[in-house]
Amino acid sequence: MKRVPLSAVVTTFDNAATLDACLASLAFADEVLVLDSGSQDATVEIALRHRARVLVEPFKGYGLQKQSAIDQAANDWIVLLDADEVLTPTAMAMIDVALHAPQATGFELPRRERMFWRWQHPWSKHNHHLRLFDRRVHRMSSHDPVHAAPNRRAGVVQRIDALFLHNGERDIASKVQRIDRYSSGLAETLAARRSSWRLKLRLLFYPPLLLLKHVLLKRQFMNGWAGWVASVSHAYYAFLKDAKALELQQRQRDAASVTRRFAQQTDGKEGDRQRGSDQYRP
């Protein structure tokens with residue numbers, strides 16, 4: 001029995017440094033589709049060299065951009081990677097096996113992280129991500145405007161030990177820039193979703209708890225100083241998201257207060273003018 005047809009989908013923007021390895025790992029797919037959002041480097045040329053089908057669209061947001069690429073793929077089964085991710089040879093073989101009469105509508109794969117100057121220790125805990133799925137069942141979730149992922153609530157999702165690599169955190173400066181960008185992107189959503197008192201409680205208690213979770217439960221201590229830096233970065237990211245959401249709430253309250261005062265002053269002046277005109281009315 002042949003495996004079901006598979007489309008590999010990658011969204012890109014100025015990813016020339018990592019795209020070559022990513023697409024090379026996807027060569028086993030029946031189709032490779034790259035949706036670019038206006039790269040100025042060699043991203044498109046690299047994609048064409050790998051015989052990918054290249055589309056170009058303006059960036060619409062992380063989830064919307066990925067969903068647009070998925071919708072335009074030729075096949076219903078999708079393997080979805082970021083441009084700085086790579087499937088291992090073992091993962092390719094396991095995906096091929098899983099797609100012979102699939103027993104689920106989606107499969108979560110473990111991801112091994114690049115941690116600045118080293119790779120994640122194989123015994124530390126790997127996060128699992130839904131990256132192999134039937135697009136007729138799983139669509140990109142609109143719940144998170146930054147961390148776009150397929151919806152797990154529909155269908156049947158299983159895990160397979162098809163390891164893939166994330167070559168995203170090459171240095172601390174890049175990590176800090178990404179934390180700042182992502183936390184700003186989430187501020188409006190979190191400000192609308194969480195009350196002021198909840199944000200304040202999270203600012204006090206959640207970052208240290210998250211730090212302990214990463215160091216101990218996720219076994220980041222096995223990654224040495226790189227693991228410690230990564231753990232502190234995760235805690236700082238959690239802190240910064242809520243801090244920016246709280247700041248936005250405060251600015252919105254201040255703006256609303258100024259608007260109310262202006263409206264009250266305007267109404268008062270209008271009332272004074274009306275009373276003045278009434279005094280001279282015969």
# chains A, B, ... in the order shown; residues from 1 in each chain; ligands from 1
call {"tool": "residues_around", "arguments": {"residues": "segment 49-65 of chain A", "least_positions_apart": "3", "cutoff": "6 Å", "atoms": "only C-alpha atoms", "output": "list in words"}}
result
Val32, Leu33, Val34, Leu35, Asp36, Ser37, Ile46, Ser68, Met140 and Ala148 of chain A
call {"tool": "write_last_selection", "arguments": {"atoms": "C-alpha atoms", "output": "tab-separated table (two decimals), in the first residue's frame"}}
result
chain	number	residue	atom	x	y	z
A	32	VAL	CA	7.33	21.27	-1.48
A	33	LEU	CA	5.52	24.61	-1.27
A	34	VAL	CA	7.26	27.78	-0.09
A	35	LEU	CA	5.19	30.88	0.64
A	36	ASP	CA	7.49	33.91	0.82
A	37	SER	CA	6.53	37.35	2.10
A	46	ILE	CA	17.32	28.65	-2.77
A	68	SER	CA	-2.76	30.50	3.29
A	140	MET	CA	-4.19	26.97	12.11
A	148	ALA	CA	0.88	29.87	15.25
call {"tool": "select_by_dssp", "arguments": {"residues": "segment 117-276 of chain A", "states": "strand (DSSP E or B)", "output": "ChimeraX atom specification"}}
result
/A:118-119,127-134,140,150,157-159,164-169
call {"tool": "closest_atom_pairs", "arguments": {"of": "segment 16-100 of chain A", "to": "segment 155-178 of chain A", "cutoff": "10 Å", "atoms": "only C-alpha atoms", "output": "CSV"}}
result
residue,atom,partner,partner_atom,distance
A:Thr18,CA,A:Asn167,CA,7.8
A:Cys22,CA,A:Leu165,CA,9.5
A:Ser25,CA,A:Phe164,CA,9.7
A:Leu81,CA,A:Phe164,CA,9.3
A:Asp82,CA,A:His166,CA,8.5
A:Ala83,CA,A:Asn167,CA,9.1
A:Asp84,CA,A:Asn167,CA,5.3
A:Glu85,CA,A:His166,CA,4.5
A:Val86,CA,A:Leu165,CA,5.1
A:Leu87,CA,A:Phe164,CA,4.4
A:Thr88,CA,A:Phe164,CA,5.5
A:Pro89,CA,A:Leu163,CA,8.9
A:Thr90,CA,A:Ala162,CA,6.4
A:Ala91,CA,A:Ala162,CA,3.9
A:Met92,CA,A:Ala162,CA,7.3
A:Ala93,CA,A:Ala162,CA,8.2
A:Met94,CA,A:Ala162,CA,5.9
A:Ile95,CA,A:Ala162,CA,7.0
A:Ala98,CA,A:Ile160,CA,8.2
call {"tool": "write_last_selection", "arguments": {"atoms": "N, CA and C atoms", "output": "JSON list (two decimals), in the first residue's frame"}}
result
[["chain", "number", "residue", "atom", "x", "y", "z"],
["A", 18, "THR", "N", 19.23, 29.47, 6.62],
["A", 18, "THR", "CA", 18.80, 28.15, 7.12],
["A", 18, "THR", "C", 17.93, 27.36, 6.15],
["A", 22, "CYS", "N", 16.69, 23.05, 5.52],
["A", 22, "CYS", "CA", 15.28, 22.75, 5.73],
["A", 22, "CYS", "C", 14.67, 22.04, 4.52],
["A", 25, "SER", "N", 15.76, 18.46, 3.73],
["A", 25, "SER", "CA", 15.14, 17.42, 4.57],
["A", 25, "SER", "C", 13.71, 17.11, 4.15],
["A", 81, "LEU", "N", 6.91, 22.93, 8.42],
["A", 81, "LEU", "CA", 8.16, 23.32, 9.10],
["A", 81, "LEU", "C", 8.37, 24.81, 8.98],
["A", 82, "ASP", "N", 9.07, 25.37, 9.96],
["A", 82, "ASP", "CA", 9.60, 26.72, 9.81],
["A", 82, "ASP", "C", 10.91, 26.63, 9.04],
["A", 83, "ALA", "N", 11.36, 27.75, 8.52],
["A", 83, "ALA", "CA", 12.54, 27.75, 7.66],
["A", 83, "ALA", "C", 13.83, 27.44, 8.41],
["A", 84, "ASP", "N", 13.80, 27.52, 9.74],
["A", 84, "ASP", "CA", 14.99, 27.19, 10.54],
["A", 84, "ASP", "C", 14.86, 25.83, 11.21],
["A", 85, "GLU", "N", 14.00, 24.96, 10.67],
["A", 85, "GLU", "CA", 13.81, 23.62, 11.20],
["A", 85, "GLU", "C", 14.19, 22.57, 10.16],
["A", 86, "VAL", "N", 14.61, 21.40, 10.64],
["A", 86, "VAL", "CA", 15.10, 20.34, 9.76],
["A", 86, "VAL", "C", 14.60, 18.99, 10.27],
["A", 87, "LEU", "N", 14.07, 18.17, 9.38],
["A", 87, "LEU", "CA", 13.71, 16.80, 9.74],
["A", 87, "LEU", "C", 14.97, 15.93, 9.73],
["A", 88, "THR", "N", 15.12, 15.09, 10.74],
["A", 88, "THR", "CA", 16.22, 14.13, 10.73],
["A", 88, "THR", "C", 15.89, 12.98, 9.78],
["A", 89, "PRO", "N", 16.89, 12.22, 9.32],
["A", 89, "PRO", "CA", 16.61, 11.05, 8.46],
["A", 89, "PRO", "C", 15.66, 10.06, 9.11],
["A", 90, "THR", "N", 15.79, 9.88, 10.42],
["A", 90, "THR", "CA", 14.87, 8.98, 11.13],
["A", 90, "THR", "C", 13.45, 9.49, 11.06],
["A", 91, "ALA", "N", 13.28, 10.80, 11.19],
["A", 91, "ALA", "CA", 11.94, 11.39, 11.13],
["A", 91, "ALA", "C", 11.32, 11.18, 9.75],
["A", 92, "MET", "N", 12.11, 11.33, 8.71],
["A", 92, "MET", "CA", 11.59, 11.11, 7.35],
["A", 92, "MET", "C", 11.04, 9.70, 7.21],
["A", 93, "ALA", "N", 11.80, 8.72, 7.70],
["A", 93, "ALA", "CA", 11.38, 7.33, 7.59],
["A", 93, "ALA", "C", 10.13, 7.06, 8.41],
["A", 94, "MET", "N", 10.05, 7.65, 9.61],
["A", 94, "MET", "CA", 8.89, 7.42, 10.47],
["A", 94, "MET", "C", 7.64, 8.08, 9.92],
["A", 95, "ILE", "N", 7.79, 9.24, 9.31],
["A", 95, "ILE", "CA", 6.65, 9.91, 8.67],
["A", 95, "ILE", "C", 6.14, 9.07, 7.52],
["A", 98, "ALA", "N", 4.14, 6.29, 9.00],
["A", 98, "ALA", "CA", 2.88, 6.75, 9.60],
["A", 98, "ALA", "C", 1.82, 7.06, 8.56]]
call {"tool": "residues_around", "arguments": {"residues": "Glu188 of chain A", "least_positions_apart": "2", "cutoff": "9 Å", "atoms": "only C-alpha atoms", "output": "ChimeraX atom specification"}}
result
/A:184-186,190-193,244-245,248-249
call {"tool": "write_last_selection", "arguments": {"atoms": "N, CA and C atoms", "output": "PDB file, in the first residue's frame"}}
result
ATOM      1  N   SER A 184       5.546  41.935  22.413  1.00  0.00           N
ATOM      2  CA  SER A 184       4.798  43.092  21.906  1.00  0.00           C
ATOM      3  C   SER A 184       3.615  42.634  21.055  1.00  0.00           C
ATOM      4  N   GLY A 185       3.827  41.591  20.265  1.00  0.00           N
ATOM      5  CA  GLY A 185       2.755  41.071  19.426  1.00  0.00           C
ATOM      6  C   GLY A 185       1.606  40.469  20.211  1.00  0.00           C
ATOM      7  N   LEU A 186       1.887  40.001  21.439  1.00  0.00           N
ATOM      8  CA  LEU A 186       0.865  39.360  22.268  1.00  0.00           C
ATOM      9  C   LEU A 186       0.191  40.319  23.239  1.00  0.00           C
ATOM     10  N   LEU A 190      -3.438  39.639  25.232  1.00  0.00           N
ATOM     11  CA  LEU A 190      -3.428  39.339  26.659  1.00  0.00           C
ATOM     12  C   LEU A 190      -4.132  40.415  27.469  1.00  0.00           C
ATOM     13  N   ALA A 191      -4.016  41.676  27.046  1.00  0.00           N
ATOM     14  CA  ALA A 191      -4.690  42.763  27.753  1.00  0.00           C
ATOM     15  C   ALA A 191      -6.204  42.607  27.683  1.00  0.00           C
ATOM     16  N   ALA A 192      -6.700  42.094  26.566  1.00  0.00           N
ATOM     17  CA  ALA A 192      -8.141  41.876  26.411  1.00  0.00           C
ATOM     18  C   ALA A 192      -8.602  40.612  27.120  1.00  0.00           C
ATOM     19  N   ARG A 193      -7.713  39.640  27.274  1.00  0.00           N
ATOM     20  CA  ARG A 193      -8.092  38.323  27.793  1.00  0.00           C
ATOM     21  C   ARG A 193      -7.945  38.232  29.313  1.00  0.00           C
ATOM     22  N   LYS A 244       3.790  43.967  29.515  1.00  0.00           N
ATOM     23  CA  LYS A 244       3.347  44.807  28.400  1.00  0.00           C
ATOM     24  C   LYS A 244       1.829  44.846  28.302  1.00  0.00           C
ATOM     25  N   ALA A 245       1.163  43.742  28.627  1.00  0.00           N
ATOM     26  CA  ALA A 245      -0.300  43.729  28.635  1.00  0.00           C
ATOM     27  C   ALA A 245      -0.839  44.657  29.719  1.00  0.00           C
ATOM     28  N   LEU A 248      -0.417  48.228  28.647  1.00  0.00           N
ATOM     29  CA  LEU A 248      -1.418  48.592  27.644  1.00  0.00           C
ATOM     30  C   LEU A 248      -2.766  48.867  28.305  1.00  0.00           C
ATOM     31  N   GLN A 249      -3.148  48.027  29.271  1.00  0.00           N
ATOM     32  CA  GLN A 249      -4.392  48.269  29.999  1.00  0.00           C
ATOM     33  C   GLN A 249      -4.367  49.630  30.688  1.00  0.00           C
TER      34      GLN A 249
END
call {"tool": "atom_distance", "arguments": {"atom1": "atom CA of Glu45 of chain A", "atom2": "atom CA of Ala69 of chain A"}}
result
18.3 Å
call {"tool": "select_by_dssp", "arguments": {"residues": "segment 116-225 of chain A", "states": "helix (DSSP H, G or I)", "output": "ChimeraX atom specification"}}
result
/A:172-193,196-217,220-225
call {"tool": "write_last_selection", "arguments": {"atoms": "C-alpha atoms", "output": "CSV table (one decimal), in the first residue's frame"}}
result
chain,number,residue,atom,x,y,z
A,172,ILE,CA,21.5,35.4,23.2
A,173,ALA,CA,21.0,38.7,21.3
A,174,SER,CA,18.7,37.1,18.8
A,175,LYS,CA,16.8,35.4,21.6
A,176,VAL,CA,16.3,38.8,23.4
A,177,GLN,CA,15.1,40.4,20.1
A,178,ARG,CA,12.6,37.7,19.5
A,179,ILE,CA,11.3,37.9,23.1
A,180,ASP,CA,10.8,41.6,22.7
A,181,ARG,CA,9.0,41.2,19.3
A,182,TYR,CA,6.8,38.3,20.4
A,183,SER,CA,5.8,39.9,23.7
A,184,SER,CA,4.8,43.1,21.9
A,185,GLY,CA,2.8,41.1,19.4
A,186,LEU,CA,0.9,39.4,22.3
A,187,ALA,CA,0.2,42.4,24.4
A,188,GLU,CA,-3.1,43.4,22.9
A,189,THR,CA,-4.5,39.9,23.0
A,190,LEU,CA,-3.4,39.3,26.7
A,191,ALA,CA,-4.7,42.8,27.8
A,192,ALA,CA,-8.1,41.9,26.4
A,193,ARG,CA,-8.1,38.3,27.8
A,196,SER,CA,-5.6,43.6,35.7
A,197,TRP,CA,-5.4,41.7,39.0
A,198,ARG,CA,-4.7,38.4,37.2
A,199,LEU,CA,-1.8,40.1,35.3
A,200,LYS,CA,-0.4,41.5,38.5
A,201,LEU,CA,-0.5,38.1,40.2
A,202,ARG,CA,1.2,36.4,37.3
A,203,LEU,CA,3.9,39.1,37.3
A,204,LEU,CA,4.7,38.2,40.9
A,205,PHE,CA,4.4,34.4,40.9
A,206,TYR,CA,4.5,32.9,37.4
A,207,PRO,CA,8.0,33.7,36.2
A,208,PRO,CA,9.8,32.1,39.2
A,209,LEU,CA,7.5,29.0,39.0
A,210,LEU,CA,8.2,28.8,35.2
A,211,LEU,CA,12.0,29.0,35.9
A,212,LEU,CA,11.8,26.1,38.3
A,213,LYS,CA,9.7,24.1,35.8
A,214,HIS,CA,12.2,24.5,33.0
A,215,VAL,CA,15.3,23.8,35.2
A,216,LEU,CA,13.9,20.8,37.0
A,217,LEU,CA,10.8,19.3,35.3
A,220,GLN,CA,17.3,22.0,31.5
A,221,PHE,CA,20.0,21.5,34.1
A,222,MET,CA,21.3,18.8,31.8
A,223,ASN,CA,22.1,21.5,29.2
A,224,GLY,CA,24.6,23.3,31.5
A,225,TRP,CA,24.9,27.1,31.4
call {"tool": "atom_distance", "arguments": {"atom1": "atom CA of Ala74 of chain A", "atom2": "atom CA of Pro5 of chain A"}}
result
8.9 Å
call {"tool": "closest_residue", "arguments": {"among": "A:Asn127, A:Ala24, A:Leu48, A:Ala149", "to": "Lys66 of chain A", "atoms": "only C-alpha atoms"}}
result
A:Ala149
call {"tool": "closest_residue", "arguments": {"among": "A:Leu130, A:Ala16, A:Val4, A:Val229", "to": "Gln40 of chain A", "atoms": "only C-alpha atoms"}}
result
A:Ala16
